[in-house]
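Source file coords19.cif; content: mmCIF, C-alpha atoms.
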```
data_coords
loop_
_atom_site.label_atom_id
_atom_site.label_comp_id
_atom_site.auth_asym_id
_atom_site.auth_seq_id
_atom_site.Cartn_x
_atom_site.Cartn_y
_atom_site.Cartn_z
CA MET A 1 0.00 0.00 0.00
CA GLY A 2 1.32 3.42 -0.90
CA GLY A 3 1.18 6.54 1.20
CA GLN A 4 3.01 9.56 2.48
CA VAL A 5 5.98 9.26 4.80
CA SER A 6 7.54 11.90 6.98
CA VAL A 7 11.23 12.77 7.07
CA GLY A 8 11.30 11.43 10.63
CA GLN A 9 9.87 8.07 9.63
CA LEU A 10 12.28 7.73 6.73
CA GLU A 11 15.15 8.60 9.02
CA VAL A 12 14.19 5.72 11.33
CA TRP A 13 14.08 3.30 8.41
CA ALA A 14 17.17 4.51 6.56
CA SER A 15 19.25 5.85 9.51
CA HIS A 16 20.11 9.40 10.51
CA ALA A 17 23.52 9.22 8.83
CA ARG A 18 22.07 8.15 5.49
CA LEU A 19 19.23 10.65 5.43
CA ALA A 20 21.57 13.48 6.41
CA LYS A 21 22.90 13.33 2.84
CA TYR A 22 19.44 14.19 1.52
CA ARG A 23 18.67 17.11 3.83
CA GLN A 24 20.18 19.52 1.31
CA ALA A 25 16.85 19.36 -0.52
CA SER A 26 13.69 21.21 0.41
CA ASP A 27 11.96 17.81 0.34
CA PRO A 28 14.40 15.10 1.51
CA VAL A 29 11.83 12.35 1.01
CA ALA A 30 11.25 13.32 -2.62
CA LEU A 31 15.00 13.42 -3.25
CA TYR A 32 15.39 10.01 -1.60
CA VAL A 33 12.73 8.47 -3.83
CA TRP A 34 14.12 10.16 -6.94
CA SER A 35 17.64 9.04 -6.08
CA GLY A 36 16.47 5.44 -6.01
CA GLU A 37 14.73 5.85 -9.36
CA LEU A 38 17.93 7.23 -10.91
CA SER A 39 20.01 4.36 -9.54
CA ALA A 40 17.52 1.84 -10.90
CA ALA A 41 17.52 3.45 -14.36
CA VAL A 42 21.33 3.54 -14.52
CA PHE A 43 21.63 -0.02 -13.21
CA GLU A 44 19.21 -1.20 -15.89
CA LEU A 45 21.24 0.46 -18.67
CA ILE A 46 24.52 -0.89 -17.33
CA GLY A 47 22.93 -4.35 -17.32
CA HIS A 48 22.21 -4.13 -21.05
CA MET A 49 25.75 -2.93 -21.71
CA GLU A 50 27.30 -5.66 -19.54
CA VAL A 51 25.45 -8.42 -21.41
CA LEU A 52 26.55 -6.92 -24.75
CA LEU A 53 30.18 -6.68 -23.59
CA ARG A 54 30.50 -10.16 -22.16
CA ASN A 55 28.77 -11.80 -25.13
CA ALA A 56 30.95 -9.99 -27.65
CA ILE A 57 34.18 -10.98 -25.89
CA HIS A 58 32.92 -14.53 -25.32
CA VAL A 59 32.12 -15.01 -29.02
CA HIS A 60 35.58 -13.95 -30.16
CA LEU A 61 37.49 -15.92 -27.54
CA ALA A 62 35.39 -19.03 -28.16
CA ALA A 63 36.01 -18.82 -31.89
CA LYS A 64 39.74 -19.30 -31.30
CA SER A 65 39.57 -22.07 -28.70
CA GLY A 66 37.72 -24.67 -30.76
CA ALA A 67 36.18 -27.52 -28.79
CA VAL A 68 37.76 -26.37 -25.52
CA PRO A 69 35.84 -23.64 -23.66
CA TRP A 70 38.02 -20.54 -23.77
CA TYR A 71 38.02 -20.28 -19.98
CA ASP A 72 39.74 -23.71 -19.90
CA ASP A 73 42.17 -22.86 -22.68
CA GLN A 74 45.78 -22.99 -21.43
CA PHE A 75 46.79 -20.52 -24.11
CA TYR A 76 45.63 -17.61 -21.97
CA ARG A 77 47.77 -18.50 -18.95
CA PHE A 78 45.16 -17.17 -16.55
CA ASN A 79 46.53 -16.14 -13.16
CA HIS A 80 45.33 -17.47 -9.83
CA GLN A 81 42.65 -14.82 -9.29
CA THR A 82 41.17 -15.29 -12.75
CA CYS A 83 41.17 -19.08 -12.30
CA GLN A 84 39.39 -18.71 -8.97
CA ASP A 85 36.76 -16.48 -10.54
CA ILE A 86 36.19 -19.09 -13.25
CA VAL A 87 35.94 -21.91 -10.71
CA LYS A 88 33.31 -19.97 -8.76
CA ALA A 89 31.40 -19.16 -11.95
CA LYS A 90 31.37 -22.84 -12.90
CA ALA A 91 30.08 -23.76 -9.45
CA ARG A 92 27.24 -21.26 -9.72
CA ALA A 93 26.50 -22.34 -13.29
CA GLY A 94 26.16 -25.94 -12.13
CA GLY A 95 24.03 -25.15 -9.09
CA GLY A 96 20.98 -27.31 -8.56
CA GLY A 97 22.44 -30.10 -10.65
CA ARG A 98 22.38 -28.09 -13.88
CA THR A 99 24.74 -28.92 -16.73
CA VAL A 100 27.69 -26.54 -16.83
CA THR A 101 27.67 -24.90 -20.26
CA PRO A 102 29.76 -22.01 -21.62
CA ASP A 103 26.69 -19.77 -21.80
CA ARG A 104 25.91 -20.41 -18.13
CA VAL A 105 29.52 -19.88 -17.04
CA VAL A 106 29.77 -16.62 -18.97
CA SER A 107 26.55 -15.36 -17.38
CA GLU A 108 28.04 -15.96 -13.93
CA LEU A 109 31.21 -13.94 -14.53
CA THR A 110 31.06 -10.42 -13.13
CA LEU A 111 31.59 -7.10 -14.86
CA GLY A 112 34.76 -6.77 -12.80
CA PHE A 113 36.00 -10.01 -14.34
CA TRP A 114 35.48 -8.72 -17.86
CA ARG A 115 37.24 -5.48 -17.02
CA TYR A 116 40.23 -7.46 -15.73
CA MET A 117 40.26 -9.50 -18.94
CA LEU A 118 40.92 -6.20 -20.69
CA SER A 119 43.78 -5.25 -18.37
CA ALA A 120 47.50 -5.13 -19.17
CA THR A 121 47.84 -8.55 -17.51
CA TYR A 122 46.37 -10.11 -20.65
CA GLN A 123 47.72 -7.70 -23.24
CA ALA A 124 49.57 -10.48 -25.07
CA THR A 125 47.00 -13.27 -24.77
CA VAL A 126 43.38 -12.19 -24.37
CA TRP A 127 43.54 -8.75 -25.97
CA PRO A 128 44.60 -9.74 -29.54
CA ARG A 129 41.44 -11.86 -29.72
CA ALA A 130 39.10 -9.81 -27.52
CA SER A 131 39.94 -6.66 -29.48
CA HIS A 132 37.79 -7.96 -32.33
CA ALA A 133 34.75 -7.62 -30.05
CA PHE A 134 34.93 -3.85 -30.55
CA GLN A 135 33.72 -3.69 -34.12
CA GLY A 136 32.31 -0.21 -33.63
CA LEU A 137 35.87 1.11 -33.63
CA ARG A 138 38.39 1.04 -36.44
CA ARG A 139 41.37 -1.20 -35.74
CA SER A 140 43.57 1.85 -35.17
CA GLN A 141 41.16 3.07 -32.48
CA ARG A 142 41.02 -0.17 -30.49
CA ASN A 143 43.26 0.89 -27.64
CA ARG A 144 43.14 -1.66 -24.84
CA ALA A 145 44.01 0.77 -22.05
CA ASN A 146 41.35 3.28 -23.12
CA ILE A 147 38.66 0.63 -23.37
CA GLU A 148 39.65 -0.86 -20.02
CA HIS A 149 39.43 2.62 -18.47
CA ASP A 150 35.90 3.10 -19.79
CA VAL A 151 34.77 -0.33 -18.60
CA LEU A 152 36.33 0.27 -15.19
CA ALA A 153 34.52 3.60 -14.76
CA ILE A 154 31.17 1.94 -15.48
CA ALA A 155 31.98 -1.02 -13.22
CA GLU A 156 32.73 1.40 -10.39
CA THR A 157 29.41 3.17 -10.94
CA ARG A 158 27.65 -0.21 -10.90
CA ASN A 159 29.36 -1.10 -7.61
CA ARG A 160 28.39 2.22 -6.06
CA ILE A 161 24.77 1.59 -6.96
CA ALA A 162 24.93 -2.01 -5.73
CA HIS A 163 26.23 -0.75 -2.37
CA GLN A 164 23.30 1.67 -2.12
CA GLU A 165 25.21 4.91 -2.52
CA PRO A 166 22.79 7.80 -3.10
CA GLY A 167 21.99 8.09 -6.78
CA PHE A 168 22.27 11.87 -6.73
CA THR A 169 26.01 11.57 -5.95
CA LEU A 170 26.68 9.80 -9.25
CA PRO A 171 28.24 11.79 -12.16
CA GLN A 172 24.84 12.64 -13.60
CA ALA A 173 25.93 14.57 -16.69
CA GLN A 174 27.82 11.62 -18.15
CA LEU A 175 25.94 8.59 -16.84
CA GLU A 176 23.96 7.66 -19.92
CA ALA A 177 26.50 8.99 -22.42
CA ASP A 178 29.39 6.92 -21.05
CA ILE A 179 27.41 3.69 -21.04
CA VAL A 180 26.04 4.20 -24.54
CA LYS A 181 29.50 5.19 -25.80
CA LEU A 182 30.96 1.92 -24.58
CA ALA A 183 28.13 -0.01 -26.23
CA ALA A 184 28.89 1.83 -29.49
CA TYR A 185 32.46 0.54 -29.37
CA ILE A 186 30.94 -2.92 -29.79
CA ASP A 187 27.90 -2.28 -31.99
CA PRO A 188 26.55 1.17 -32.89
CA GLN A 189 23.08 -0.25 -33.53
CA ALA A 190 23.00 -1.79 -30.07
CA ALA A 191 24.05 1.58 -28.64
CA GLN A 192 21.22 3.33 -30.48
CA TRP A 193 18.73 0.81 -29.14
CA MET A 194 20.01 1.25 -25.58
CA HIS A 195 19.74 5.01 -25.89
CA SER A 196 16.17 4.68 -27.15
CA ILE A 197 15.03 2.58 -24.19
CA SER A 198 17.08 4.31 -21.50
CA ARG A 199 15.12 5.96 -18.70
CA VAL A 200 18.13 7.89 -17.37
CA SER A 201 17.50 11.20 -19.13
CA GLN A 202 13.83 11.10 -18.25
CA VAL A 203 14.59 10.53 -14.56
CA LEU A 204 17.25 13.26 -14.53
CA ALA A 205 14.75 15.72 -15.97
CA ALA A 206 12.35 14.97 -13.12
CA LYS A 207 14.83 15.71 -10.33
CA PRO A 208 13.09 17.47 -7.41
CA LEU A 209 14.35 20.88 -6.34
#
```
As structure tokens - that is how I would like this structure written.
Amino acid sequence: MGGQVSVGQLEVWASHARLAKYRQASDPVALYVWSGELSAAVFELIGHMEVLLRNAIHVHLAAKSGAVPWYDDQFYRFNHQTCQDIVKAKARAGGGGRTVTPDRVVSELTLGFWRYMLSATYQATVWPRASHAFQGLRRSQRNRANIEHDVLAIAETRNRIAHQEPGFTLPQAQLEADIVKLAAYIDPQAAQWMHSISRVSQVLAAKPL
């Protein structure tokens, strides 16, 4: 059931320390609600981008590993942390007695994992193959460090939202643009679609005073 809530009630539910961040507004409750709406809209858009990113990299790595899943391919010389992440993803993929398939393993790997796959650690192994995932860029523009930087920035925003940081503290001016830009590196048409369905601009325009 919906209804009005006072600042005092919200403070009890959310804590004095958390609500103190919203008291800058003439209506802290309205800002609190709006902040959650912004976080949800950004999280949704990042989700679309994350699926696009992981699928694009997966396709190009899988194409070079043949019958062996790329995450089991010794060619990449994955370090201990990466191997641990893959082991955990396999365990989650096989939960409940399910068959462990590449699609299920890939879906269990985090955005942070994919960012690390684009790091200097794998410049000589993963990157020459993963670079082909970024078809929206000319070959001369496919700079690993720059792409990693952009993925890292979005992963950090995703983590801030996941840890319930106030949405109004996010870099509002660039939120949608940065996510769509990264999608365009992979597929400009996908980026256009994401922009068309994004709720970020609409929520930003409705920010309470």
Practice item. Please provide the set of residues having any atom within 10 Å of Leu204 of chain A, restricted to only C-alpha atoms, with same-chain residues fewer than 6 positions apart removed, written as a ChimeraX atom specification. Key: /A:34-35,37-38,41,168,172-173
Might you pull out every residue within 12 Å of segment 85-91 of chain A, with only C-alpha atoms counted and same-chain residues fewer than 2 positions away left off, and present them as a short mmCIF file (atom, residue, chain, number, x, y, z; two decimals) with C-alpha atoms, keeping the file's coordinate frame?
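Saved the output as out.cif:
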```cif
data_model
loop_
_atom_site.label_atom_id
_atom_site.label_comp_id
_atom_site.auth_asym_id
_atom_site.auth_seq_id
_atom_site.Cartn_x
_atom_site.Cartn_y
_atom_site.Cartn_z
CA PRO A 69 35.84 -23.64 -23.66
CA TRP A 70 38.02 -20.54 -23.77
CA TYR A 71 38.02 -20.28 -19.98
CA ASP A 72 39.74 -23.71 -19.90
CA ASP A 73 42.17 -22.86 -22.68
CA PHE A 78 45.16 -17.17 -16.55
CA ASN A 79 46.53 -16.14 -13.16
CA HIS A 80 45.33 -17.47 -9.83
CA GLN A 81 42.65 -14.82 -9.29
CA THR A 82 41.17 -15.29 -12.75
CA CYS A 83 41.17 -19.08 -12.30
CA ALA A 93 26.50 -22.34 -13.29
CA GLY A 94 26.16 -25.94 -12.13
CA GLY A 95 24.03 -25.15 -9.09
CA GLY A 96 20.98 -27.31 -8.56
CA GLY A 97 22.44 -30.10 -10.65
CA ARG A 98 22.38 -28.09 -13.88
CA THR A 99 24.74 -28.92 -16.73
CA VAL A 100 27.69 -26.54 -16.83
CA THR A 101 27.67 -24.90 -20.26
CA PRO A 102 29.76 -22.01 -21.62
CA ASP A 103 26.69 -19.77 -21.80
CA ARG A 104 25.91 -20.41 -18.13
CA VAL A 105 29.52 -19.88 -17.04
CA VAL A 106 29.77 -16.62 -18.97
CA SER A 107 26.55 -15.36 -17.38
CA GLU A 108 28.04 -15.96 -13.93
CA LEU A 109 31.21 -13.94 -14.53
CA THR A 110 31.06 -10.42 -13.13
CA LEU A 111 31.59 -7.10 -14.86
CA GLY A 112 34.76 -6.77 -12.80
CA PHE A 113 36.00 -10.01 -14.34
CA TRP A 114 35.48 -8.72 -17.86
CA TYR A 116 40.23 -7.46 -15.73
CA MET A 117 40.26 -9.50 -18.94
#
```
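The two atoms in question, atom CA of His48 of chain A and atom CA of Leu61 of chain A, are spaced 20.4 Å apart.
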Practice item. Taking the file as shown, find all residues satisfying the PyMOL selection byres ((chain A and resi 185) around 8) and write them as a ChimeraX atom specification. Key: /A:134-137,181-184,186-188
Exercise for review: Tell me which residues the PyMOL selection byres ((chain A and resi 146) around 12) grabs here, as a PyMOL selection string.
Suggested key: chain A and resi 115+118-120+131+141-145+147-153+182+185
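Nearest to Glu44 of chain A of all the residues A:His163, A:Arg158, A:Lys207, A:His58 is A:Arg158, based on only C-alpha atoms.
Closest approach to Thr121 of chain A from the set A:Ala17, A:Gln164, A:Arg138, A:Arg77 is made by A:Arg77, with distances taken over all atoms listed in the file.
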Point to revise | Residues near Ile161 of chain A, cut-off 8 Å, all atoms listed in the file, skip fewer than 6 positions along chain, as an MDAnalysis selection string | key: chainID A and resid 39 43 167
With a distance cut-off of 8 Å and all atoms listed in the file, select the neighbouring residues of Leu209 of chain A, excluding the residue or stretch itself and same-chain residues fewer than 5 positions from it, and output the selection as a compact mmCIF listing (two decimals) with C-alpha atoms, in the frame of the given file.
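Final output, out_20.txt:
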```txt
# COMPACT_ATOMS: atom_id res chain seq x y z
CA ALA A 25 16.85 19.36 -0.52
CA SER A 26 13.69 21.21 0.41
CA ASP A 27 11.96 17.81 0.34
```
Exercise for review: Apply the PyMOL selection byres ((chain A and resi 6) around 12) to the structure shown and report the selected residues as an MDAnalysis selection string.
Suggested key: chainID A and resid 3:5 7:13 19 27:30 32
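Among the candidates A:Arg23, A:Lys64, A:Arg199, A:His132, the residue lying nearest to Ala40 of chain A is A:Arg199 (atoms considered: only C-alpha atoms).
Going from atom CA of Glu50 of chain A to atom CA of Ile154 of chain A covers 9.4 Å.
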Once you add 6 Å to each side, what are the centre and edge lengths of the axis-aligned box holding all listed atoms of segment 196-201 of chain A? One decimal in Å, as lines of an AutoDock Vina configuration file, if you can.
```
center_x = 16.6
center_y = 6.9
center_z = -22.3
size_x = 15.1
size_y = 20.6
size_z = 21.8
```
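Shortest atom-to-atom contact with Ile179 of chain A among A:His16, A:Val42, A:Asn55, A:Gln123: A:Val42, counting all atoms listed in the file.
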Should you be able to, write segment 170-205 of chain A of this structure into a file that contains N, CA and C atoms, as a PDB file, in the first residue's frame.
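Generated file (selection-v4.pdb):
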```pdb
ATOM      1  N   LEU A 170      26.047  10.332  -8.053  1.00  0.00           N
ATOM      2  CA  LEU A 170      26.676   9.799  -9.253  1.00  0.00           C
ATOM      3  C   LEU A 170      26.955  10.931 -10.240  1.00  0.00           C
ATOM      4  N   PRO A 171      27.909  10.741 -11.166  1.00  0.00           N
ATOM      5  CA  PRO A 171      28.240  11.787 -12.163  1.00  0.00           C
ATOM      6  C   PRO A 171      27.124  11.914 -13.188  1.00  0.00           C
ATOM      7  N   GLN A 172      26.084  12.641 -12.836  1.00  0.00           N
ATOM      8  CA  GLN A 172      24.836  12.639 -13.601  1.00  0.00           C
ATOM      9  C   GLN A 172      24.989  13.060 -15.065  1.00  0.00           C
ATOM     10  N   ALA A 173      25.823  14.033 -15.335  1.00  0.00           N
ATOM     11  CA  ALA A 173      25.929  14.566 -16.687  1.00  0.00           C
ATOM     12  C   ALA A 173      26.416  13.534 -17.692  1.00  0.00           C
ATOM     13  N   GLN A 174      27.209  12.569 -17.231  1.00  0.00           N
ATOM     14  CA  GLN A 174      27.823  11.620 -18.153  1.00  0.00           C
ATOM     15  C   GLN A 174      27.281  10.199 -18.033  1.00  0.00           C
ATOM     16  N   LEU A 175      26.378   9.949 -17.108  1.00  0.00           N
ATOM     17  CA  LEU A 175      25.936   8.587 -16.837  1.00  0.00           C
ATOM     18  C   LEU A 175      25.502   7.833 -18.094  1.00  0.00           C
ATOM     19  N   GLU A 176      24.493   8.339 -18.740  1.00  0.00           N
ATOM     20  CA  GLU A 176      23.957   7.664 -19.922  1.00  0.00           C
ATOM     21  C   GLU A 176      24.957   7.687 -21.068  1.00  0.00           C
ATOM     22  N   ALA A 177      25.587   8.831 -21.285  1.00  0.00           N
ATOM     23  CA  ALA A 177      26.501   8.991 -22.424  1.00  0.00           C
ATOM     24  C   ALA A 177      27.664   8.008 -22.358  1.00  0.00           C
ATOM     25  N   ASP A 178      28.244   7.814 -21.183  1.00  0.00           N
ATOM     26  CA  ASP A 178      29.394   6.922 -21.055  1.00  0.00           C
ATOM     27  C   ASP A 178      29.020   5.473 -21.314  1.00  0.00           C
ATOM     28  N   ILE A 179      27.846   5.066 -20.841  1.00  0.00           N
ATOM     29  CA  ILE A 179      27.406   3.689 -21.036  1.00  0.00           C
ATOM     30  C   ILE A 179      27.105   3.436 -22.507  1.00  0.00           C
ATOM     31  N   VAL A 180      26.393   4.347 -23.129  1.00  0.00           N
ATOM     32  CA  VAL A 180      26.035   4.203 -24.542  1.00  0.00           C
ATOM     33  C   VAL A 180      27.292   4.262 -25.412  1.00  0.00           C
ATOM     34  N   LYS A 181      28.253   5.094 -25.034  1.00  0.00           N
ATOM     35  CA  LYS A 181      29.501   5.191 -25.798  1.00  0.00           C
ATOM     36  C   LYS A 181      30.235   3.864 -25.808  1.00  0.00           C
ATOM     37  N   LEU A 182      30.296   3.211 -24.657  1.00  0.00           N
ATOM     38  CA  LEU A 182      30.964   1.920 -24.580  1.00  0.00           C
ATOM     39  C   LEU A 182      30.230   0.878 -25.432  1.00  0.00           C
ATOM     40  N   ALA A 183      28.914   0.911 -25.396  1.00  0.00           N
ATOM     41  CA  ALA A 183      28.128  -0.012 -26.230  1.00  0.00           C
ATOM     42  C   ALA A 183      28.425   0.228 -27.706  1.00  0.00           C
ATOM     43  N   ALA A 184      28.610   1.485 -28.089  1.00  0.00           N
ATOM     44  CA  ALA A 184      28.885   1.828 -29.486  1.00  0.00           C
ATOM     45  C   ALA A 184      30.237   1.296 -29.937  1.00  0.00           C
ATOM     46  N   TYR A 185      31.176   1.144 -29.016  1.00  0.00           N
ATOM     47  CA  TYR A 185      32.458   0.538 -29.367  1.00  0.00           C
ATOM     48  C   TYR A 185      32.244  -0.873 -29.922  1.00  0.00           C
ATOM     49  N   ILE A 186      31.216  -1.540 -29.412  1.00  0.00           N
ATOM     50  CA  ILE A 186      30.941  -2.921 -29.790  1.00  0.00           C
ATOM     51  C   ILE A 186      30.005  -2.988 -30.987  1.00  0.00           C
ATOM     52  N   ASP A 187      28.900  -2.251 -30.919  1.00  0.00           N
ATOM     53  CA  ASP A 187      27.904  -2.283 -31.990  1.00  0.00           C
ATOM     54  C   ASP A 187      27.084  -0.990 -31.940  1.00  0.00           C
ATOM     55  N   PRO A 188      27.286  -0.097 -32.886  1.00  0.00           N
ATOM     56  CA  PRO A 188      26.549   1.170 -32.888  1.00  0.00           C
ATOM     57  C   PRO A 188      25.034   0.996 -32.876  1.00  0.00           C
ATOM     58  N   GLN A 189      24.525  -0.030 -33.529  1.00  0.00           N
ATOM     59  CA  GLN A 189      23.078  -0.253 -33.531  1.00  0.00           C
ATOM     60  C   GLN A 189      22.581  -0.624 -32.146  1.00  0.00           C
ATOM     61  N   ALA A 190      23.364  -1.430 -31.445  1.00  0.00           N
ATOM     62  CA  ALA A 190      23.002  -1.786 -30.068  1.00  0.00           C
ATOM     63  C   ALA A 190      22.999  -0.536 -29.197  1.00  0.00           C
ATOM     64  N   ALA A 191      23.970   0.340 -29.412  1.00  0.00           N
ATOM     65  CA  ALA A 191      24.047   1.580 -28.642  1.00  0.00           C
ATOM     66  C   ALA A 191      22.824   2.461 -28.896  1.00  0.00           C
ATOM     67  N   GLN A 192      22.404   2.540 -30.151  1.00  0.00           N
ATOM     68  CA  GLN A 192      21.219   3.331 -30.481  1.00  0.00           C
ATOM     69  C   GLN A 192      19.975   2.772 -29.799  1.00  0.00           C
ATOM     70  N   TRP A 193      19.872   1.455 -29.787  1.00  0.00           N
ATOM     71  CA  TRP A 193      18.728   0.813 -29.135  1.00  0.00           C
ATOM     72  C   TRP A 193      18.740   1.101 -27.632  1.00  0.00           C
ATOM     73  N   MET A 194      19.903   0.977 -27.010  1.00  0.00           N
ATOM     74  CA  MET A 194      20.006   1.247 -25.578  1.00  0.00           C
ATOM     75  C   MET A 194      19.622   2.685 -25.260  1.00  0.00           C
ATOM     76  N   HIS A 195      20.082   3.596 -26.096  1.00  0.00           N
ATOM     77  CA  HIS A 195      19.741   5.006 -25.889  1.00  0.00           C
ATOM     78  C   HIS A 195      18.228   5.216 -26.001  1.00  0.00           C
ATOM     79  N   SER A 196      17.603   4.499 -26.925  1.00  0.00           N
ATOM     80  CA  SER A 196      16.166   4.681 -27.155  1.00  0.00           C
ATOM     81  C   SER A 196      15.316   4.163 -26.001  1.00  0.00           C
ATOM     82  N   ILE A 197      15.817   3.156 -25.280  1.00  0.00           N
ATOM     83  CA  ILE A 197      15.029   2.583 -24.188  1.00  0.00           C
ATOM     84  C   ILE A 197      15.467   3.076 -22.810  1.00  0.00           C
ATOM     85  N   SER A 198      16.559   3.828 -22.780  1.00  0.00           N
ATOM     86  CA  SER A 198      17.077   4.309 -21.497  1.00  0.00           C
ATOM     87  C   SER A 198      16.091   5.254 -20.802  1.00  0.00           C
ATOM     88  N   ARG A 199      15.969   5.087 -19.499  1.00  0.00           N
ATOM     89  CA  ARG A 199      15.118   5.961 -18.697  1.00  0.00           C
ATOM     90  C   ARG A 199      15.925   7.023 -17.958  1.00  0.00           C
ATOM     91  N   VAL A 200      17.246   7.016 -18.149  1.00  0.00           N
ATOM     92  CA  VAL A 200      18.131   7.887 -17.367  1.00  0.00           C
ATOM     93  C   VAL A 200      17.822   9.366 -17.595  1.00  0.00           C
ATOM     94  N   SER A 201      17.764   9.791 -18.835  1.00  0.00           N
ATOM     95  CA  SER A 201      17.505  11.199 -19.131  1.00  0.00           C
ATOM     96  C   SER A 201      16.159  11.647 -18.592  1.00  0.00           C
ATOM     97  N   GLN A 202      15.164  10.783 -18.733  1.00  0.00           N
ATOM     98  CA  GLN A 202      13.826  11.096 -18.247  1.00  0.00           C
ATOM     99  C   GLN A 202      13.821  11.286 -16.731  1.00  0.00           C
ATOM    100  N   VAL A 203      14.527  10.410 -16.027  1.00  0.00           N
ATOM    101  CA  VAL A 203      14.589  10.529 -14.564  1.00  0.00           C
ATOM    102  C   VAL A 203      15.376  11.776 -14.166  1.00  0.00           C
ATOM    103  N   LEU A 204      16.466  12.061 -14.844  1.00  0.00           N
ATOM    104  CA  LEU A 204      17.251  13.257 -14.526  1.00  0.00           C
ATOM    105  C   LEU A 204      16.422  14.519 -14.696  1.00  0.00           C
ATOM    106  N   ALA A 205      15.580  14.546 -15.714  1.00  0.00           N
ATOM    107  CA  ALA A 205      14.749  15.721 -15.967  1.00  0.00           C
ATOM    108  C   ALA A 205      13.694  15.942 -14.892  1.00  0.00           C
TER     109      ALA A 205
END
```
